[in-house]
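The structure appears below as structure tokens.
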Amino acid sequence: MEKILLIGTGPMAVDYASVLSAFSKVPTVIGRGETSAAVFEAKTGIKPILGGVEKYLDSNSCEGDLAIIATGTEALMPTLLQLVRSGVKKILIEKPAAISIEELLENSEKLMPFSDSVFIAYNRRFYASVIETIKLIEEDGGLRSMSFEFTEWAHRIEPLQKAPGVKENWFFANSTHVVDLAFFIAGKPKEWSCFSGSGAITWHAKTNFAGAGVTEKNVLFSYLSNWESAGRWSLELLTANRRIYLKPLEEILIQQKGSVNIEKHTFDDAMDKDFKPGLFKQVEAFFSAGNSSMISLKEHMAQSKDVFQKILN
């Protein structure tokens, strides 16, 4: 019988367990730390198997199973490498699947045979606000232009206790949520220029970003982010009839052509209030076949090389 393996026992794993419960599925949960496992069990009622993936695989067959990897960023790639060799049929791994772009790409040859059965959990693609926005864009005959921002609050990030390498790769580990979403909606960049500069932040090489270009869908775009100034994550999407603001990403504000008023747009976001936003629809897509909103590991590796790396450099 097909099992669902849930790797990790932290807050993200708790969120996945909640969604899986809504699908009437009880995962086999594998963890390492006793403290986080106890918290996980208290919140979900599911007792994790301790000892980590390697110990579990020593005595259990995973042939044909599904797996969701929700470990800390530093453990994503090692866990993925262990699972792909175990015969697991399909894997959903938390973004960005590695601690750095370098770690992702240096393992590309090993992972390429499995890259179409591994999917990256960029859950913003499945926000109710994003699904509604795509409908609005289609109603207006398509997207004409777009701007986005991925400013991070460095003063909040600096005191966080993270594994070595996580904060140093914060753009890849966190900001790419916005970049991925922007180009998911507007199409991949076709012709563009990128600029980046360093600032006073010691734990991240680049802090100031700007760029502009045109996508494969002929959408003009620009972005601007400065981690040492004010700002937030946001998208602005312009059609022939209106400007659509996702600011914050969970909400929709609309400015109609010929008006200076910006009004809140109502839509059904009940699922994003019952569960972590985007997670229910993402897991639903993972269970289904051929969902075009999912990003495969193969696509993610290409995007990391062609888009994320270019923004950084």
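Going through the structure tokens in order, the chains are called A, B, and so on, while each chain numbers its residues from 1 and the ligands are numbered from 1 in the order shown.
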(request) Could you give me the residues within segment 63-298 of chain A that DSSP places in alpha helix (DSSP H), as a PyMOL selection string? (result) chain A and resi 76-84+101-106+108-111+128-139+154-157+170+176-186+270-274+279-287+297-298
(request) Within segment 93-221 of chain A, find each residue whose DSSP state, derived from the backbone, is strand (DSSP E), and express the selection as number ranges by chain. (result) A: 93-94, 118-121, 145-150, 189-197, 208-215, 220-221
(request) Rank A:Gln303, A:Ser59, A:Ser222, A:Ser288 by their smallest atom-to-atom distance to Phe184 of chain A, using only C-alpha atoms, and report the top residue only. (result) A:Gln303
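For the residues A:Ala173, A:Leu6, A:Val307, A:Ala37, ranking by smallest atom-to-atom distance to Thr73 of chain A using only C-alpha atoms places A:Ala173 first.
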(request) Please identify all polymer residues within 10 Å of Ile295 of chain A, counting only C-alpha atoms, omitting same-chain residues fewer than 5 positions from it, and present them as number ranges by chain. (result) A: 92, 116, 118-122, 125, 180, 184, 300, 303
Grab the residues selected above and save them as a PDB file, in the first residue's frame with N, CA and C atoms.
```pdb
ATOM      1  N   LEU A  92       7.709  15.932  -2.855  1.00  0.00           N
ATOM      2  CA  LEU A  92       7.482  17.368  -2.718  1.00  0.00           C
ATOM      3  C   LEU A  92       8.484  17.856  -1.681  1.00  0.00           C
ATOM      4  N   ASP A 116      12.051  14.955 -12.848  1.00  0.00           N
ATOM      5  CA  ASP A 116      10.657  15.172 -13.244  1.00  0.00           C
ATOM      6  C   ASP A 116       9.666  14.595 -12.248  1.00  0.00           C
ATOM      7  N   VAL A 118      10.310  15.088  -8.816  1.00  0.00           N
ATOM      8  CA  VAL A 118      10.545  15.880  -7.610  1.00  0.00           C
ATOM      9  C   VAL A 118      10.009  17.284  -7.869  1.00  0.00           C
ATOM     10  N   PHE A 119       9.227  17.812  -6.915  1.00  0.00           N
ATOM     11  CA  PHE A 119       8.591  19.117  -7.087  1.00  0.00           C
ATOM     12  C   PHE A 119       8.938  20.035  -5.922  1.00  0.00           C
ATOM     13  N   ILE A 120       9.092  21.322  -6.223  1.00  0.00           N
ATOM     14  CA  ILE A 120       9.520  22.310  -5.231  1.00  0.00           C
ATOM     15  C   ILE A 120       8.302  23.033  -4.673  1.00  0.00           C
ATOM     16  N   ALA A 121       8.264  23.172  -3.356  1.00  0.00           N
ATOM     17  CA  ALA A 121       7.076  23.709  -2.676  1.00  0.00           C
ATOM     18  C   ALA A 121       7.076  25.232  -2.619  1.00  0.00           C
ATOM     19  N   TYR A 122       6.920  25.864  -3.776  1.00  0.00           N
ATOM     20  CA  TYR A 122       6.708  27.312  -3.816  1.00  0.00           C
ATOM     21  C   TYR A 122       5.207  27.561  -3.655  1.00  0.00           C
ATOM     22  N   ARG A 125       2.453  30.161  -5.276  1.00  0.00           N
ATOM     23  CA  ARG A 125       1.769  29.895  -6.545  1.00  0.00           C
ATOM     24  C   ARG A 125       0.317  29.451  -6.322  1.00  0.00           C
ATOM     25  N   ASP A 180       9.991  33.745  -8.025  1.00  0.00           N
ATOM     26  CA  ASP A 180       9.334  32.618  -8.688  1.00  0.00           C
ATOM     27  C   ASP A 180       7.887  32.954  -9.035  1.00  0.00           C
ATOM     28  N   PHE A 184       6.234  33.163 -12.675  1.00  0.00           N
ATOM     29  CA  PHE A 184       5.176  32.166 -12.877  1.00  0.00           C
ATOM     30  C   PHE A 184       3.959  32.831 -13.522  1.00  0.00           C
ATOM     31  N   HIS A 300      13.228  24.002 -11.667  1.00  0.00           N
ATOM     32  CA  HIS A 300      13.814  24.792 -10.581  1.00  0.00           C
ATOM     33  C   HIS A 300      15.318  24.959 -10.769  1.00  0.00           C
ATOM     34  N   GLN A 303      15.757  27.536 -13.488  1.00  0.00           N
ATOM     35  CA  GLN A 303      15.420  28.866 -12.996  1.00  0.00           C
ATOM     36  C   GLN A 303      16.489  29.396 -12.040  1.00  0.00           C
TER      37      GLN A 303
END
```
(request) May I ask which of the residues A:His204, A:Arg32, A:Arg242, A:Lys167 is the closest one to Met146 of chain A, counting only C-alpha atoms? (result) A:Arg242
(request) May I have the residues within 12 Å of Gly258 of chain A as a PyMOL selection string, using only C-alpha atoms and disregarding those fewer than 5 positions away in the same chain? (result) chain A and resi 240-243
(request) Just the residues within 12 Å of segment 208-213 of chain A, please, counting only C-alpha atoms, with nothing from its chain fewer than 5 positions along; format it as a VMD selection string. (result) chain A and resid 145 to 152 154 171 175 179 183 186 to 201 218 to 231 307 to 308 310 to 313
(message) Which residues are close to Ser21 of chain A, i.e. within 12 Å by only C-alpha atoms, leaving aside same-chain residues fewer than 5 positions away? Reply as a ChimeraX atom specification.
(response) /A:4,14-16,26-27,44-46,275,280,283
(message) With only C-alpha atoms as the counted atoms, please give the residues lying no more than 9 Å from Gln309 of chain A, apart from itself and same-chain residues fewer than 5 positions off, as a PyMOL selection string.
(response) chain A and resi 101+172+303-304
How would the residues just picked look written out with N, CA and C atoms as an mmCIF file, in the first residue's frame?
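result-v5.cif was written with the following content:
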```cif
data_model
loop_
_atom_site.group_PDB
_atom_site.id
_atom_site.type_symbol
_atom_site.label_atom_id
_atom_site.label_comp_id
_atom_site.auth_asym_id
_atom_site.auth_seq_id
_atom_site.Cartn_x
_atom_site.Cartn_y
_atom_site.Cartn_z
ATOM 1 N N ILE A 101 22.362 27.987 -4.155
ATOM 2 C CA ILE A 101 22.276 27.672 -5.581
ATOM 3 C C ILE A 101 23.416 26.736 -5.962
ATOM 4 N N PHE A 172 18.129 33.185 -1.816
ATOM 5 C CA PHE A 172 17.731 31.898 -2.388
ATOM 6 C C PHE A 172 16.734 31.180 -1.488
ATOM 7 N N GLN A 303 15.757 27.536 -13.488
ATOM 8 C CA GLN A 303 15.420 28.866 -12.996
ATOM 9 C C GLN A 303 16.489 29.396 -12.040
ATOM 10 N N SER A 304 17.025 28.523 -11.223
ATOM 11 C CA SER A 304 18.065 28.939 -10.279
ATOM 12 C C SER A 304 19.307 29.426 -11.013
#
```
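Among the candidates A:Thr9, A:Trp203, A:Ile69, A:Ser115, the residue lying nearest to Glu158 of chain A is A:Trp203 (atoms considered: only C-alpha atoms).
Taking atom CA of Ser259 of chain A and atom CA of Leu181 of chain A as endpoints, the distance between them is 27.2 Å.
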